[in-house]
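This is start15.pdb (PDB, C-alpha atoms).
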ATOM      1  CA  MET A   1      25.611 -50.963  48.853
ATOM      2  CA  PHE A   2      22.413 -52.460  47.424
ATOM      3  CA  SER A   3      19.057 -50.894  48.015
ATOM      4  CA  GLU A   4      16.489 -53.253  49.494
ATOM      5  CA  LEU A   5      14.116 -54.955  47.043
ATOM      6  CA  ASP A   6      10.557 -53.874  47.821
ATOM      7  CA  PRO A   7       9.088 -56.942  49.616
ATOM      8  CA  LEU A   8       5.635 -56.152  48.279
ATOM      9  CA  LEU A   9       6.842 -56.380  44.703
ATOM     10  CA  HIS A  10       9.282 -59.240  45.242
ATOM     11  CA  SER A  11       6.554 -61.830  44.860
ATOM     12  CA  GLN A  12       5.938 -63.580  41.549
ATOM     13  CA  LEU A  13       2.199 -62.935  41.269
ATOM     14  CA  ARG A  14       2.241 -59.341  42.520
ATOM     15  CA  LEU A  15       5.191 -58.526  40.261
ATOM     16  CA  ALA A  16       3.432 -60.152  37.287
ATOM     17  CA  VAL A  17       0.309 -58.072  37.963
ATOM     18  CA  MET A  18       2.327 -54.859  38.261
ATOM     19  CA  SER A  19       4.202 -55.650  35.005
ATOM     20  CA  LEU A  20       0.922 -56.248  33.178
ATOM     21  CA  LEU A  21      -0.666 -53.090  34.562
ATOM     22  CA  LEU A  22       2.388 -51.066  33.593
ATOM     23  CA  SER A  23       1.711 -51.981  29.939
ATOM     24  CA  ALA A  24      -1.953 -51.077  30.177
ATOM     25  CA  GLU A  25      -4.077 -48.031  30.872
ATOM     26  CA  GLU A  26      -6.515 -50.365  32.619
ATOM     27  CA  ALA A  27      -7.061 -54.096  32.822
ATOM     28  CA  ASP A  28      -9.943 -56.333  33.804
ATOM     29  CA  PHE A  29      -9.586 -58.840  36.659
ATOM     30  CA  VAL A  30     -10.311 -61.632  34.134
ATOM     31  CA  TYR A  31      -7.433 -60.467  31.937
ATOM     32  CA  LEU A  32      -5.015 -60.485  34.893
ATOM     33  CA  ARG A  33      -6.186 -63.964  35.906
ATOM     34  CA  GLU A  34      -5.783 -65.285  32.330
ATOM     35  CA  GLN A  35      -2.353 -63.770  31.812
ATOM     36  CA  THR A  36      -0.899 -64.770  35.176
ATOM     37  CA  GLY A  37      -2.546 -68.193  35.268
ATOM     38  CA  SER A  38      -3.451 -67.655  38.926
ATOM     39  CA  SER A  39      -6.605 -68.622  40.776
ATOM     40  CA  ALA A  40      -9.261 -65.953  41.333
ATOM     41  CA  GLY A  41      -8.939 -66.233  45.112
ATOM     42  CA  ASN A  42      -5.174 -65.845  45.192
ATOM     43  CA  LEU A  43      -5.272 -62.977  42.699
ATOM     44  CA  SER A  44      -7.883 -61.182  44.811
ATOM     45  CA  VAL A  45      -5.712 -61.441  47.918
ATOM     46  CA  GLN A  46      -2.633 -60.128  46.091
ATOM     47  CA  LEU A  47      -4.586 -57.275  44.484
ATOM     48  CA  ASP A  48      -5.827 -56.224  47.928
ATOM     49  CA  LYS A  49      -2.227 -55.996  49.171
ATOM     50  CA  LEU A  50      -1.275 -53.818  46.195
ATOM     51  CA  VAL A  51      -4.321 -51.601  46.753
ATOM     52  CA  GLN A  52      -3.479 -51.171  50.442
ATOM     53  CA  ALA A  53       0.042 -50.070  49.480
ATOM     54  CA  GLY A  54      -1.449 -47.550  47.039
ATOM     55  CA  TYR A  55       0.312 -49.222  44.095
ATOM     56  CA  ILE A  56      -2.883 -49.909  42.184
ATOM     57  CA  GLU A  57      -6.495 -48.796  42.244
ATOM     58  CA  VAL A  58      -9.445 -51.079  41.723
ATOM     59  CA  GLU A  59     -12.811 -50.018  40.383
ATOM     60  CA  LYS A  60     -15.774 -52.319  40.735
ATOM     61  CA  GLY A  61     -18.703 -51.894  38.392
ATOM     62  CA  PHE A  62     -20.929 -53.663  35.913
ATOM     63  CA  ARG A  63     -20.663 -54.488  32.231
ATOM     64  CA  GLY A  64     -24.325 -54.933  31.382
ATOM     65  CA  LYS A  65     -25.499 -57.266  34.138
ATOM     66  CA  THR A  66     -22.079 -58.826  34.728
ATOM     67  CA  PRO A  67     -19.953 -57.550  37.625
ATOM     68  CA  ARG A  68     -16.619 -56.189  36.474
ATOM     69  CA  THR A  69     -13.403 -55.311  38.294
ATOM     70  CA  VAL A  70     -10.987 -52.959  36.560
ATOM     71  CA  CYS A  71      -7.444 -52.369  37.834
ATOM     72  CA  ARG A  72      -5.067 -49.486  37.153
ATOM     73  CA  ILE A  73      -1.529 -48.797  38.281
ATOM     74  CA  THR A  74      -1.105 -45.536  40.247
ATOM     75  CA  PRO A  75       1.786 -43.031  40.046
ATOM     76  CA  VAL A  76       2.953 -44.402  43.434
ATOM     77  CA  GLY A  77       2.930 -47.892  41.911
ATOM     78  CA  ILE A  78       4.890 -46.759  38.869
ATOM     79  CA  ALA A  79       7.528 -45.104  41.082
ATOM     80  CA  ALA A  80       7.761 -48.217  43.285
ATOM     81  CA  PHE A  81       8.097 -50.434  40.213
ATOM     82  CA  GLU A  82      10.838 -48.231  38.739
ATOM     83  CA  GLN A  83      12.698 -48.285  42.053
ATOM     84  CA  TYR A  84      12.323 -52.064  42.220
ATOM     85  CA  VAL A  85      13.724 -52.513  38.692
ATOM     86  CA  LYS A  86      16.646 -50.207  39.505
ATOM     87  CA  ALA A  87      17.459 -52.227  42.635
ATOM     88  CA  LEU A  88      17.072 -55.441  40.667
ATOM     89  CA  LYS A  89      19.556 -54.245  38.054
ATOM     90  CA  ASP A  90      22.059 -53.499  40.817
ATOM     91  CA  TYR A  91      21.654 -57.010  42.241
ATOM     92  CA  ILE A  92      21.975 -58.728  38.873
ATOM     93  CA  GLY A  93      24.774 -56.451  37.671
ATOM     94  CA  ASN A  94      26.859 -57.435  40.659
TER      95      ASN A  94
ATOM     96  CA  MET B   1      10.115 -61.500  50.920
ATOM     97  CA  GLU B   2       9.617 -64.827  49.147
ATOM     98  CA  THR B   3      12.857 -66.710  49.674
ATOM     99  CA  ASN B   4      12.454 -68.989  46.632
ATOM    100  CA  PHE B   5      11.974 -66.117  44.153
ATOM    101  CA  THR B   6      15.380 -65.077  42.832
ATOM    102  CA  GLU B   7      16.351 -61.740  41.252
ATOM    103  CA  ARG B   8      16.785 -63.412  37.875
ATOM    104  CA  GLN B   9      13.307 -65.008  38.077
ATOM    105  CA  SER B  10      11.999 -61.616  39.008
ATOM    106  CA  LEU B  11      13.490 -60.064  35.865
ATOM    107  CA  GLU B  12      12.114 -62.942  33.780
ATOM    108  CA  THR B  13       8.648 -62.362  35.216
ATOM    109  CA  ILE B  14       8.755 -58.676  34.323
ATOM    110  CA  THR B  15       9.991 -59.185  30.748
ATOM    111  CA  GLY B  16       7.682 -62.185  30.234
ATOM    112  CA  MET B  17       4.564 -60.313  31.349
ATOM    113  CA  ILE B  18       5.393 -57.182  29.352
ATOM    114  CA  GLU B  19       5.979 -59.340  26.256
ATOM    115  CA  GLN B  20       2.711 -61.217  26.901
ATOM    116  CA  ALA B  21       0.829 -57.924  27.223
ATOM    117  CA  LYS B  22       2.324 -56.669  23.942
ATOM    118  CA  ASN B  23       1.248 -59.797  22.061
ATOM    119  CA  TYR B  24      -2.223 -60.004  23.588
ATOM    120  CA  HIS B  25      -5.089 -59.943  21.145
ATOM    121  CA  ARG B  26      -8.701 -60.811  21.783
ATOM    122  CA  LYS B  27     -10.802 -62.303  18.995
ATOM    123  CA  GLY B  28     -13.106 -59.747  17.385
ATOM    124  CA  SER B  29     -11.248 -56.676  18.653
ATOM    125  CA  LEU B  30     -10.517 -55.618  15.057
ATOM    126  CA  ALA B  31     -14.171 -55.692  14.013
ATOM    127  CA  SER B  32     -13.907 -52.051  12.866
ATOM    128  CA  TYR B  33     -10.990 -52.960  10.633
ATOM    129  CA  VAL B  34     -12.943 -55.780   9.005
ATOM    130  CA  PHE B  35     -16.036 -53.587   8.652
ATOM    131  CA  TRP B  36     -14.170 -50.723   6.936
ATOM    132  CA  GLY B  37     -12.182 -53.188   4.818
ATOM    133  CA  TRP B  38     -15.308 -54.780   3.322
ATOM    134  CA  MET B  39     -17.248 -51.501   3.245
ATOM    135  CA  ILE B  40     -14.687 -49.517   1.244
ATOM    136  CA  ALA B  41     -13.877 -52.516  -0.976
ATOM    137  CA  GLY B  42     -17.599 -52.928  -1.710
ATOM    138  CA  LEU B  43     -18.083 -49.233  -2.486
ATOM    139  CA  ALA B  44     -14.998 -49.185  -4.729
ATOM    140  CA  VAL B  45     -16.269 -52.197  -6.692
ATOM    141  CA  ALA B  46     -19.744 -50.616  -6.917
ATOM    142  CA  ASP B  47     -18.197 -47.387  -8.233
ATOM    143  CA  PHE B  48     -16.172 -49.373 -10.786
ATOM    144  CA  LEU B  49     -19.219 -51.360 -11.956
ATOM    145  CA  LEU B  50     -21.388 -48.247 -12.269
ATOM    146  CA  LEU B  51     -18.678 -46.441 -14.240
ATOM    147  CA  THR B  52     -18.049 -49.310 -16.635
ATOM    148  CA  LEU B  53     -21.451 -51.017 -16.957
ATOM    149  CA  VAL B  54     -23.999 -48.220 -16.560
ATOM    150  CA  PRO B  55     -22.886 -45.343 -18.797
ATOM    151  CA  SER B  56     -26.183 -43.489 -18.256
ATOM    152  CA  ILE B  57     -25.311 -42.692 -14.616
ATOM    153  CA  ARG B  58     -21.580 -42.377 -15.134
ATOM    154  CA  ASP B  59     -21.478 -38.766 -13.924
ATOM    155  CA  ASN B  60     -23.158 -39.697 -10.628
ATOM    156  CA  ALA B  61     -21.433 -43.029  -9.997
ATOM    157  CA  HIS B  62     -19.189 -41.542  -7.322
ATOM    158  CA  ALA B  63     -22.292 -40.771  -5.229
ATOM    159  CA  VAL B  64     -21.915 -44.289  -3.773
ATOM    160  CA  TRP B  65     -19.199 -42.830  -1.523
ATOM    161  CA  ALA B  66     -21.870 -40.910   0.391
ATOM    162  CA  LEU B  67     -22.578 -44.261   2.059
ATOM    163  CA  THR B  68     -19.365 -43.779   4.072
ATOM    164  CA  LEU B  69     -21.317 -41.313   6.260
ATOM    165  CA  PRO B  70     -23.882 -43.849   7.581
ATOM    166  CA  ALA B  71     -21.025 -46.373   7.687
ATOM    167  CA  ALA B  72     -19.158 -44.066  10.067
ATOM    168  CA  VAL B  73     -22.213 -44.095  12.351
ATOM    169  CA  VAL B  74     -22.421 -47.907  12.186
ATOM    170  CA  ASN B  75     -18.719 -48.048  13.010
ATOM    171  CA  ILE B  76     -19.274 -46.033  16.200
ATOM    172  CA  PHE B  77     -21.650 -48.764  17.443
ATOM    173  CA  ILE B  78     -19.245 -51.533  16.407
ATOM    174  CA  GLN B  79     -16.356 -49.842  18.210
ATOM    175  CA  ARG B  80     -18.451 -49.200  21.326
ATOM    176  CA  ARG B  81     -19.321 -52.887  21.460
ATOM    177  CA  VAL B  82     -15.647 -53.851  21.047
ATOM    178  CA  ASP B  83     -14.612 -51.390  23.787
ATOM    179  CA  ARG B  84     -17.278 -52.772  26.159
ATOM    180  CA  GLN B  85     -16.030 -56.322  25.638
ATOM    181  CA  ALA B  86     -12.326 -55.443  25.915
ATOM    182  CA  LEU B  87     -10.585 -56.908  28.955
ATOM    183  CA  VAL B  88      -7.629 -54.591  28.696
ATOM    184  CA  ARG B  89      -6.817 -51.228  27.198
ATOM    185  CA  THR B  90      -3.084 -51.078  26.576
ATOM    186  CA  HIS B  91      -1.026 -47.963  25.834
ATOM    187  CA  ILE B  92      -0.449 -49.392  22.336
ATOM    188  CA  ASN B  93      -4.241 -49.703  21.823
ATOM    189  CA  ALA B  94      -4.553 -46.037  22.764
ATOM    190  CA  ILE B  95      -1.753 -44.987  20.368
ATOM    191  CA  ILE B  96      -3.326 -46.957  17.506
ATOM    192  CA  GLY B  97      -6.666 -45.301  18.291
ATOM    193  CA  TYR B  98      -5.014 -41.857  18.020
ATOM    194  CA  ILE B  99      -3.319 -42.807  14.722
ATOM    195  CA  TRP B 100      -6.624 -43.797  13.101
ATOM    196  CA  THR B 101      -8.490 -40.823  14.562
ATOM    197  CA  GLY B 102      -5.786 -38.609  13.032
ATOM    198  CA  PHE B 103      -6.192 -40.465   9.747
ATOM    199  CA  ALA B 104      -9.973 -39.935   9.744
ATOM    200  CA  ILE B 105      -9.590 -36.201  10.483
ATOM    201  CA  SER B 106      -6.964 -35.868   7.719
ATOM    202  CA  VAL B 107      -9.161 -37.650   5.176
ATOM    203  CA  TRP B 108     -12.258 -35.576   5.944
ATOM    204  CA  LEU B 109     -10.227 -32.344   5.829
ATOM    205  CA  PHE B 110      -8.572 -33.401   2.576
ATOM    206  CA  LEU B 111     -11.987 -34.163   1.038
ATOM    207  CA  ALA B 112     -13.346 -30.822   2.259
ATOM    208  CA  ILE B 113     -10.361 -28.948   0.767
ATOM    209  CA  VAL B 114     -10.548 -30.758  -2.591
ATOM    210  CA  PHE B 115     -14.318 -30.307  -2.909
ATOM    211  CA  THR B 116     -14.163 -26.640  -1.842
ATOM    212  CA  ILE B 117     -11.488 -25.894  -4.445
ATOM    213  CA  ALA B 118     -13.379 -27.890  -7.081
ATOM    214  CA  ILE B 119     -16.675 -26.100  -6.455
ATOM    215  CA  THR B 120     -15.304 -22.573  -6.092
ATOM    216  CA  THR B 121     -12.921 -22.729  -9.054
ATOM    217  CA  LYS B 122     -15.054 -25.126 -11.119
ATOM    218  CA  THR B 123     -11.878 -27.137 -11.671
ATOM    219  CA  TRP B 124     -12.358 -30.839 -11.142
ATOM    220  CA  PHE B 125      -8.744 -31.756 -11.829
ATOM    221  CA  LEU B 126      -7.880 -32.200  -8.139
ATOM    222  CA  MET B 127     -10.512 -34.948  -7.853
ATOM    223  CA  ILE B 128      -8.209 -37.382  -9.640
ATOM    224  CA  THR B 129      -5.814 -37.193  -6.692
ATOM    225  CA  LEU B 130      -8.410 -38.541  -4.222
ATOM    226  CA  THR B 131      -7.708 -42.274  -4.471
ATOM    227  CA  PRO B 132      -3.886 -42.127  -4.556
ATOM    228  CA  VAL B 133      -3.649 -39.558  -1.746
ATOM    229  CA  ILE B 134      -6.102 -41.401   0.517
ATOM    230  CA  MET B 135      -4.202 -44.633  -0.146
ATOM    231  CA  LEU B 136      -0.931 -42.900   0.788
ATOM    232  CA  MET B 137      -2.548 -41.784   4.059
ATOM    233  CA  LEU B 138      -3.856 -45.326   4.627
ATOM    234  CA  GLY B 139      -0.332 -46.650   4.031
ATOM    235  CA  MET B 140       1.118 -44.222   6.568
ATOM    236  CA  ALA B 141      -1.482 -45.036   9.249
ATOM    237  CA  GLN B 142      -1.128 -48.756   8.580
ATOM    238  CA  PHE B 143       2.680 -48.513   8.774
ATOM    239  CA  ALA B 144       2.498 -46.718  12.145
ATOM    240  CA  THR B 145       0.007 -49.362  13.388
ATOM    241  CA  ALA B 146       2.259 -52.182  12.186
ATOM    242  CA  ARG B 147       5.312 -50.723  13.938
ATOM    243  CA  ALA B 148       3.376 -49.990  17.147
ATOM    244  CA  CYS B 149       2.023 -53.527  17.498
ATOM    245  CA  ARG B 150       4.923 -55.219  15.659
ATOM    246  CA  LEU B 151       2.689 -57.122  13.264
ATOM    247  CA  ARG B 152       4.150 -58.176   9.946
ATOM    248  CA  SER B 153       0.748 -58.651   8.277
ATOM    249  CA  PHE B 154      -0.092 -54.989   8.912
ATOM    250  CA  LEU B 155       3.273 -54.003   7.436
ATOM    251  CA  THR B 156       2.359 -55.968   4.311
ATOM    252  CA  GLY B 157      -0.890 -53.993   4.292
ATOM    253  CA  ALA B 158       1.024 -50.686   4.458
ATOM    254  CA  ILE B 159       3.210 -51.740   1.511
ATOM    255  CA  ALA B 160       0.066 -52.775  -0.408
ATOM    256  CA  PHE B 161      -1.454 -49.306   0.154
ATOM    257  CA  TRP B 162       1.710 -47.513  -0.973
ATOM    258  CA  ALA B 163       2.020 -49.723  -4.050
ATOM    259  CA  GLY B 164      -1.722 -49.257  -4.647
ATOM    260  CA  ALA B 165      -1.302 -45.468  -4.505
ATOM    261  CA  ALA B 166       1.413 -45.617  -7.168
ATOM    262  CA  LEU B 167      -0.601 -48.031  -9.327
ATOM    263  CA  SER B 168      -3.796 -46.003  -9.089
ATOM    264  CA  ALA B 169      -1.855 -42.862 -10.073
ATOM    265  CA  ALA B 170      -0.561 -44.811 -13.069
ATOM    266  CA  CYS B 171      -4.158 -45.817 -13.922
ATOM    267  CA  ILE B 172      -5.251 -42.180 -13.794
ATOM    268  CA  LEU B 173      -2.503 -41.258 -16.242
ATOM    269  CA  SER B 174      -3.493 -44.123 -18.546
ATOM    270  CA  LYS B 175      -6.815 -44.786 -20.258
ATOM    271  CA  TYR B 176      -7.848 -47.284 -17.518
ATOM    272  CA  VAL B 177      -8.910 -44.653 -14.962
ATOM    273  CA  GLU B 178     -11.685 -46.823 -13.462
ATOM    274  CA  LEU B 179      -9.180 -49.541 -12.517
ATOM    275  CA  GLN B 180      -8.060 -47.400  -9.569
ATOM    276  CA  PHE B 181     -11.227 -48.555  -7.746
ATOM    277  CA  ILE B 182     -10.394 -52.227  -8.248
ATOM    278  CA  ILE B 183      -6.893 -51.529  -6.917
ATOM    279  CA  LEU B 184      -8.414 -49.733  -3.914
ATOM    280  CA  ALA B 185     -10.765 -52.667  -3.261
ATOM    281  CA  LEU B 186      -7.907 -55.180  -3.399
ATOM    282  CA  CYS B 187      -5.750 -53.043  -1.112
ATOM    283  CA  MET B 188      -8.569 -52.694   1.441
ATOM    284  CA  ILE B 189      -8.937 -56.473   1.559
ATOM    285  CA  LEU B 190      -5.162 -57.022   1.706
ATOM    286  CA  GLY B 191      -4.545 -54.209   4.160
ATOM    287  CA  PHE B 192      -7.558 -54.473   6.485
ATOM    288  CA  VAL B 193      -9.505 -57.725   6.136
ATOM    289  CA  VAL B 194      -6.615 -60.198   5.734
ATOM    290  CA  PRO B 195      -4.428 -58.984   8.660
ATOM    291  CA  ALA B 196      -7.444 -58.676  10.988
ATOM    292  CA  GLY B 197      -8.541 -62.216  10.048
ATOM    293  CA  ALA B 198      -5.019 -63.570  10.604
ATOM    294  CA  LEU B 199      -4.867 -61.966  14.036
ATOM    295  CA  ASP B 200      -8.301 -63.353  14.941
ATOM    296  CA  ARG B 201      -7.250 -66.859  13.900
ATOM    297  CA  LYS B 202      -4.143 -66.508  16.082
ATOM    298  CA  ALA B 203      -6.313 -65.297  18.961
ATOM    299  CA  SER B 204      -8.611 -68.315  18.589
ATOM    300  CA  GLY B 205      -5.635 -70.466  19.565
ATOM    301  CA  ASP B 206      -4.870 -68.295  22.599
ATOM    302  CA  VAL B 207      -6.672 -68.285  25.932
ATOM    303  CA  GLN B 208      -9.739 -66.039  25.656
TER     304      GLN B 208
END

In C-alpha cells, how does this file's structure come out?
Amino acid sequence: MFSELDPLLHSQLRLAVMSLLLSAEEADFVYLREQTGSSAGNLSVQLDKLVQAGYIEVEKGFRGKTPRTVCRITPVGIAAFEQYVKALKDYIGN
Amino acid sequence: METNFTERQSLETITGMIEQAKNYHRKGSLASYVFWGWMIAGLAVADFLLLTLVPSIRDNAHAVWALTLPAAVVNIFIQRRVDRQALVRTHINAIIGYIWTGFAISVWLFLAIVFTIAITTKTWFLMITLTPVIMLMLGMAQFATARACRLRSFLTGAIAFWAGAALSAACILSKYVELQFIILALCMILGFVVPAGALDRKASGDVQ
C-alpha cells in the first residue's frame, strides 16, 4: 500500500523551491528565481501556495532601498518534504 | 497533482536542486578570504624585509603584526557587506562560518597563552612555535572548509598550509629563520587568494 504523494509538493516548481530551501537557512526570492529558472509571477504564485500550507515562511523587507523577499522552510515543511521523499522512494522502489 | 510530472522526474528535481544549491557561489562572497590572504602575506613579507634589511629595528620588526587588529575591524565591515549582498545563506555557509570563528578564537587564545608564558617566565622560546602552529591551525580550518564545500582548490590550500608548517619549522631549526615569513606569505596566497579567485572566476560564468 503506497502512501499518497503530497499534491502540493508533487509539482516541479514547488518541489524545486522546497529542495532549495531545505539546503539553505534562508534564501532570497531572486536566488530562487535564478536557480529554478522560473518567471517572477509564477514563482510568486507557487510561494503563496507553500506559505498557505505552512511549508515555508516569507519575510518582506528592504536591503538598503531595494525591496527584498526572504524565504525559509518551516518545521512543517521539512516534515512534509521528508514524508514526500519517503512516499516517493516507495513508488520508485516498486 | 500534475499528471505529467512522474516520480522519477520528481526525484531528479530534488537531487538536481540540492546539487545546484551545494555548488552555488556568488562572485565576491569570499572577499574576506582575499582580504586576509593579501593582508597576512603583506605583513609576513614586511616582517621578513625588516628583519633582513633593517638590522637597527630587528628586535621590533614583529610589531607589524599589530596591524592585524585594525585589519580585523576592516574585515567586519567587509563581511557585513558580503552578508548584505548574499542571496542565500546555506547550512554549509553557516558551518564554514563556525569553522573560521573557531579558528580565530583558537589563534587569539594561543597568542595570549604564548605571550603570557613569555612575559611571566621571561622565556621567549615558545615564540618560535607561532608560525608553524598557526599554519597547522590554518591547514585544519582550510581542510574542513574544503571538505564541507567539496572544493579541490581549498584542499590544495590545506596541504600548502600543512607543508608550510613543516617547512617553517625546518627554517626555525636552520639558520634561515626569517624564511618562515616568506613561506607564510606564499601559503596565504596559495591557500586563500588563489582558491577564492578561482571560485570567483567560476562564478562569473554562472548566472548572477

>> My list of candidates is B:Ala185, B:Leu130, B:Ala141, B:Phe35. Which is closest to B:Ile159 when distances are computed with all atoms listed in the file?
In response: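 Closest to B:Ile159 of all the choices is B:Ala141.
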
The centre and edge lengths of an axis-aligned box containing all atoms of stretch 177-192 of chain B present in the file, extended by 3 Å on each side, are to be given in Å to one decimal, as lines of an AutoDock Vina configuration file.
center_x = -8.1
center_y = -50.8
center_z = -4.2
size_x = 13.1
size_y = 18.4
size_z = 27.4

> When distances are computed from all atoms listed in the file, which of A:Leu21, A:Leu15, A:Asp6, A:Val30 shows the smallest separation from A:Pro67?
Replying inline: A:Val30

Output as JSON lines one row per residue of chain B within 9 Å of chain A: the closest atom pair and its distance in Å to one decimal place, counting all atoms listed in the file, sorted by chain and residue number ascending.
{"residue": "B:Met1", "atom": "CA", "partner": "A:Pro7", "partner_atom": "CA", "distance": 4.9}
{"residue": "B:Glu2", "atom": "CA", "partner": "A:Ser11", "partner_atom": "CA", "distance": 6.1}
{"residue": "B:Phe5", "atom": "CA", "partner": "A:Ser11", "partner_atom": "CA", "distance": 6.9}
{"residue": "B:Thr6", "atom": "CA", "partner": "A:His10", "partner_atom": "CA", "distance": 8.8}
{"residue": "B:Glu7", "atom": "CA", "partner": "A:Leu88", "partner_atom": "CA", "distance": 6.4}
{"residue": "B:Arg8", "atom": "CA", "partner": "A:Ile92", "partner_atom": "CA", "distance": 7.1}
{"residue": "B:Gln9", "atom": "CA", "partner": "A:Gln12", "partner_atom": "CA", "distance": 8.3}
{"residue": "B:Ser10", "atom": "CA", "partner": "A:Gln12", "partner_atom": "CA", "distance": 6.9}
{"residue": "B:Leu11", "atom": "CA", "partner": "A:Leu88", "partner_atom": "CA", "distance": 7.6}
{"residue": "B:Thr13", "atom": "CA", "partner": "A:Ala16", "partner_atom": "CA", "distance": 6.0}
{"residue": "B:Ile14", "atom": "CA", "partner": "A:Ser19", "partner_atom": "CA", "distance": 5.5}
{"residue": "B:Thr15", "atom": "CA", "partner": "A:Ser19", "partner_atom": "CA", "distance": 8.0}
{"residue": "B:Gly16", "atom": "CA", "partner": "A:Ala16", "partner_atom": "CA", "distance": 8.5}
{"residue": "B:Met17", "atom": "CA", "partner": "A:Leu20", "partner_atom": "CA", "distance": 5.8}
{"residue": "B:Ile18", "atom": "CA", "partner": "A:Leu20", "partner_atom": "CA", "distance": 6.0}
{"residue": "B:Gln20", "atom": "CA", "partner": "A:Gln35", "partner_atom": "CA", "distance": 7.5}
{"residue": "B:Ala21", "atom": "CA", "partner": "A:Leu20", "partner_atom": "CA", "distance": 6.2}
{"residue": "B:Lys22", "atom": "CA", "partner": "A:Ser23", "partner_atom": "CA", "distance": 7.6}
{"residue": "B:Arg84", "atom": "CA", "partner": "A:Arg63", "partner_atom": "CA", "distance": 7.2}
{"residue": "B:Gln85", "atom": "CA", "partner": "A:Arg63", "partner_atom": "CA", "distance": 8.3}
{"residue": "B:Ala86", "atom": "CA", "partner": "A:Asp28", "partner_atom": "CA", "distance": 8.3}
{"residue": "B:Leu87", "atom": "CA", "partner": "A:Asp28", "partner_atom": "CA", "distance": 4.9}
{"residue": "B:Val88", "atom": "CA", "partner": "A:Ala27", "partner_atom": "CA", "distance": 4.2}
{"residue": "B:Arg89", "atom": "CA", "partner": "A:Glu26", "partner_atom": "CA", "distance": 5.5}
{"residue": "B:Thr90", "atom": "CA", "partner": "A:Ala24", "partner_atom": "CA", "distance": 3.8}
{"residue": "B:His91", "atom": "CA", "partner": "A:Ala24", "partner_atom": "CA", "distance": 5.4}
{"residue": "B:Ile92", "atom": "CA", "partner": "A:Ala24", "partner_atom": "CA", "distance": 8.2}
{"residue": "B:Asn93", "atom": "CA", "partner": "A:Ala24", "partner_atom": "CA", "distance": 8.8}
{"residue": "B:Ala94", "atom": "CA", "partner": "A:Glu25", "partner_atom": "CA", "distance": 8.4}
{"residue": "B:Val207", "atom": "CA", "partner": "A:Glu34", "partner_atom": "CA", "distance": 7.1}
{"residue": "B:Gln208", "atom": "CA", "partner": "A:Glu34", "partner_atom": "CA", "distance": 7.8}

>> Just want the 10 Å neighbourhood of B:Ile95, counted on only C-alpha atoms, with same-chain residues fewer than 6 positions away dropped. Output as JSON, numbers by chain.
In response: {"B": [101, 144, 145, 148, 149]}

> Suppose you want the space between atom CA of B:Thr129 and atom CA of B:Ala169; what is it in Å?
Replying inline: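 These atoms are spaced 7.7 Å apart.
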
>> Just want the 7 Å neighbourhood of B:Gly191, counted on all atoms listed in the file, with same-chain residues fewer than 3 positions away dropped. Output as a list in words.
In response: Phe154, Gly157, Ala158, Ala160, Cys187, Met188, Val194 and Pro195 of chain B

> Which residues match the PyMOL selection byres ((chain B and resi 59-74) around 12) in the file above, as JSON, numbers by chain?
Replying inline: {"B": [31, 32, 35, 36, 37, 38, 39, 40, 41, 42, 43, 44, 45, 46, 47, 48, 49, 50, 51, 52, 53, 54, 55, 56, 57, 58, 75, 76, 77, 78, 79, 80, 81, 104, 107, 108, 111, 127, 128, 130, 131, 178, 181]}

> What is the distance, in Å and to one decimal place, between atom CA of B:Gln142 and atom CA of B:Phe125?
Replying inline: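 Taking atom CA of B:Gln142 as the start and atom CA of B:Phe125 as the end point, the length is 27.6 Å.
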
>> I need the output of the PyMOL selection byres ((chain B and resi 161) around 10) for this file as JSON, numbers by chain; which residues are they?
In response: {"B": [132, 134, 135, 136, 137, 138, 139, 140, 142, 143, 155, 156, 157, 158, 159, 160, 162, 163, 164, 165, 166, 167, 183, 184, 186, 187, 188, 190, 191]}
